[in-house]
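Worksheet: the structure to be examined is printed underneath.
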Amino acid sequence: MEVLLGGLLAGVMYSLVAIGFVLIYKASGVFNFAQGSMVLFAALTFVSLLERGLPFWLSFVISLLSMLLLALLLERLVLRHLVNRPPITLFMATLGLSYVVEGVAQALWGAQVHGLDLGIEDTPLELGGLMLSRFDLFAAGSAGLLVLLLSLLFNKTRIGLSLRAVADDQLAALAVGIRLQRMWVLVWAVAGLVGLVAGLLWGARLGVQFSLSLIVLKALPVLIIGGFTSIGGAIVGGLIVGASEKLAEVYLGPLLSGGIENWFPYVLALLFLLLRPAGLFGERAIERV
């Protein structure tokens, strides 16, 4: 039970990274491979400001504003000029952007590794006879609160209604006066906020370093299992990946010489691609003859 609960808590952090992909994909149809670099950029900006003596909340606000500016620049300078291009073109563009964002982060803040202390010790906490990580509980609670706020934004506000309209049919959204560029900037900004929170949580656990951008690879099985178009699917997919990799490491690892945790989620994702390509909550493709 401890292994299962620990895996579920870790899965919430995977979900947080995957949600950034879902937001942009739903609104613009772009698989944003630069999301990992955005996570790195946000975390590196925050920890660098913190090390220069700025208070925690001021560093957070400035980092958030920097992510809003980054979203605006990406939309204005790149994505706006790629509207109606093939999906592979958009994907390659975001792949190139990921290296550009990493390079800008390195030019601004340097390439050294930073430790990040959020004031939450990664020590065991006994709950009902089970030993759970305090940091995992804090991270899961923070991610859960952010997901709740995003759900309220998308389901209870006019902005959310506009975003859902753009996701369903861009031409119809244009016909009723919704400005696509404004919606895309907003979605990228929200994805930047998600990236900032994810960067702080993962940076506190792994350290803020350039390998942090590779967290994007951890989100791929989550997206395949949950579906590329569903926030709920990203949450469920993250829980499945987190729980299954921990259980596999404990119960199958000794039979396979260990290390199964690193690659088992991709085996699971491959099975989903073969049996249910759209994922648990994804939209099925409709072939038109």
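FYI, nothing fancy with the structure tokens labels: chains A, B, ... in order, residues from 1 per chain, ligands from 1 as they appear.
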Need to verify the contact set: stretch 133-136 of chain A, 8 Å, only C-alpha atoms, exclusion of same-chain residues closer than 4 positions in sequence. Can you return it as a PyMOL selection string? chain A and resi 6+9-10+120-125+140
Write out as a list of chain:residue names the residues lying within 8 Å of A:Ala143, counting only C-alpha atoms and excluding same-chain residues fewer than 2 positions away. A:Val12, A:Met13, A:Leu16, A:Ala139, A:Ala140, A:Gly141, A:Leu145, A:Leu146, A:Val147, A:Val197
Write to file, as a PDB file, in the first residue's frame, the residues of the selection just made, with N, CA, C and O atoms.
```pdb
ATOM      1  N   VAL A  12       0.901  12.354  -9.732  1.00  0.00           N
ATOM      2  CA  VAL A  12       0.300  13.688  -9.807  1.00  0.00           C
ATOM      3  C   VAL A  12       1.286  14.685 -10.400  1.00  0.00           C
ATOM      4  O   VAL A  12       0.921  15.568 -11.178  1.00  0.00           O
ATOM      5  N   MET A  13       2.567  14.544 -10.068  1.00  0.00           N
ATOM      6  CA  MET A  13       3.589  15.430 -10.630  1.00  0.00           C
ATOM      7  C   MET A  13       3.785  15.166 -12.114  1.00  0.00           C
ATOM      8  O   MET A  13       4.040  16.089 -12.892  1.00  0.00           O
ATOM      9  N   LEU A  16       1.003  16.930 -13.896  1.00  0.00           N
ATOM     10  CA  LEU A  16       1.168  18.377 -13.979  1.00  0.00           C
ATOM     11  C   LEU A  16       1.944  18.773 -15.228  1.00  0.00           C
ATOM     12  O   LEU A  16       1.616  19.759 -15.893  1.00  0.00           O
ATOM     13  N   ALA A 139       3.604  18.211  -2.830  1.00  0.00           N
ATOM     14  CA  ALA A 139       3.588  18.349  -4.284  1.00  0.00           C
ATOM     15  C   ALA A 139       2.242  17.944  -4.858  1.00  0.00           C
ATOM     16  O   ALA A 139       1.685  18.623  -5.734  1.00  0.00           O
ATOM     17  N   ALA A 140       1.689  16.834  -4.358  1.00  0.00           N
ATOM     18  CA  ALA A 140       0.388  16.376  -4.848  1.00  0.00           C
ATOM     19  C   ALA A 140      -0.704  17.376  -4.502  1.00  0.00           C
ATOM     20  O   ALA A 140      -1.593  17.652  -5.312  1.00  0.00           O
ATOM     21  N   GLY A 141      -0.648  17.946  -3.294  1.00  0.00           N
ATOM     22  CA  GLY A 141      -1.638  18.942  -2.908  1.00  0.00           C
ATOM     23  C   GLY A 141      -1.550  20.195  -3.758  1.00  0.00           C
ATOM     24  O   GLY A 141      -2.578  20.756  -4.179  1.00  0.00           O
ATOM     25  N   LEU A 145      -4.448  21.483  -6.342  1.00  0.00           N
ATOM     26  CA  LEU A 145      -5.049  22.816  -6.253  1.00  0.00           C
ATOM     27  C   LEU A 145      -4.989  23.531  -7.597  1.00  0.00           C
ATOM     28  O   LEU A 145      -5.964  24.171  -8.020  1.00  0.00           O
ATOM     29  N   LEU A 146      -3.853  23.417  -8.293  1.00  0.00           N
ATOM     30  CA  LEU A 146      -3.722  24.057  -9.601  1.00  0.00           C
ATOM     31  C   LEU A 146      -4.697  23.449 -10.603  1.00  0.00           C
ATOM     32  O   LEU A 146      -5.323  24.173 -11.396  1.00  0.00           O
ATOM     33  N   VAL A 147      -4.847  22.133 -10.587  1.00  0.00           N
ATOM     34  CA  VAL A 147      -5.793  21.472 -11.491  1.00  0.00           C
ATOM     35  C   VAL A 147      -7.219  21.941 -11.215  1.00  0.00           C
ATOM     36  O   VAL A 147      -8.006  22.177 -12.137  1.00  0.00           O
ATOM     37  N   VAL A 197       5.021  25.992 -11.987  1.00  0.00           N
ATOM     38  CA  VAL A 197       4.731  25.166 -10.809  1.00  0.00           C
ATOM     39  C   VAL A 197       5.430  23.813 -10.921  1.00  0.00           C
ATOM     40  O   VAL A 197       6.037  23.321  -9.957  1.00  0.00           O
TER      41      VAL A 197
END
```
Need to verify the contact set: A:Gly20, 7 Å, only C-alpha atoms, exclusion of same-chain residues closer than 3 positions in sequence. Can you return it as a PyMOL selection string? chain A and resi 17+23-24+35+191+194-195
Preceding selection exported with C-alpha atoms as a tab-separated table (two decimals), in the first residue's frame:
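As a result, again_36.tsv now contains:
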```
chain	number	residue	atom	x	y	z
A	17	VAL	CA	3.74	18.28	-16.78
A	23	LEU	CA	-3.76	22.84	-22.91
A	24	ILE	CA	-1.79	23.85	-26.01
A	35	GLN	CA	7.13	22.34	-22.81
A	191	ALA	CA	0.86	26.48	-19.93
A	194	VAL	CA	1.77	25.13	-15.21
A	195	GLY	CA	5.40	24.88	-16.32
```
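Residue nearest A:Glu2 within the list A:Gly129, A:Leu214, A:Gly253, A:Gly238: A:Gly129 [criterion: smallest interatomic distance, only C-alpha atoms].
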Could you give me, as number ranges by chain, each residue of stretch 57-270 of chain A that DSSP assigns to strand (DSSP E or B) when run on this structure's backbone? A: 114, 124-127, 130-133, 208
Just write the chosen residues, C-alpha atoms, as a compact mmCIF listing (two decimals), in the first residue's frame.
```txt
# COMPACT_ATOMS: atom_id res chain seq x y z
CA HIS A 114 21.11 25.00 -8.54
CA PRO A 124 8.66 10.27 6.09
CA LEU A 125 5.29 11.05 7.62
CA GLU A 126 3.23 8.31 9.27
CA LEU A 127 -0.44 8.32 8.27
CA LEU A 130 1.76 4.05 6.37
CA MET A 131 4.99 5.98 5.80
CA LEU A 132 4.60 8.61 3.10
CA SER A 133 6.89 11.39 1.92
CA VAL A 208 17.45 22.90 -11.20
```
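Using only C-alpha atoms, the nearest neighbour of A:Gly29 within the list A:Asp169, A:Glu51, A:Glu102, A:Asp117 is A:Asp169.
Closest approach to A:Leu196 among A:Leu73, A:Val22, A:Ile240, A:Ala42 is made by A:Ala42 (distances from only C-alpha atoms).
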Between atom CA of A:Glu245 and atom CA of A:Ala204, what distance in Å does the model show, to one decimal? 21.2 Å
Please tabulate, as a tab-separated table, the residues of stretch 14-39 of chain A that come within 6 Å of stretch 219-236 of chain A, each with its closest pair of atoms and the distance in Å to one decimal, counting only C-alpha atoms and ordering rows by chain, then residue number upward.
```
residue	atom	partner	partner_atom	distance
A:Ser15	CA	A:Ile235	CA	5.0
A:Ala18	CA	A:Ala219	CA	5.1
A:Ile19	CA	A:Ile231	CA	5.9
A:Val22	CA	A:Thr229	CA	5.5
A:Lys26	CA	A:Thr229	CA	5.4
```
Counting only C-alpha atoms, which residues in stretch 32-125 of chain A sit no more than 7 Å from stretch 180-188 of chain A? For each one, give the nearest pair of atoms and the distance in Å, sorted by chain then residue number, as a Markdown table.
```
| residue | atom | partner | partner_atom | distance |
| --- | --- | --- | --- | --- |
| A:Ala71 | CA | A:Trp188 | CA | 5.2 |
| A:Leu72 | CA | A:Val185 | CA | 5.8 |
| A:Glu75 | CA | A:Val185 | CA | 6.3 |
```
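Between atom CA of A:Phe272 and atom CA of A:Tyr25 the interatomic distance comes to 19.6 Å.
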Could you find all residues in stretch 5-236 of chain A that DSSP calls alpha helix (DSSP H) from the backbone, and write them as a ChimeraX atom specification? /A:5-28,35-51,56-77,87-109,134-156,158-168,170-175,180-206,215-226,231-236
Rounded to one decimal place, report the atom CA of A:Leu252-atom CA of A:Tyr266 distance in Å. 15.3 Å
Counting only C-alpha atoms, the option among A:Leu40, A:Leu118, A:Leu77, A:Met92 closest to A:Val104: A:Leu40
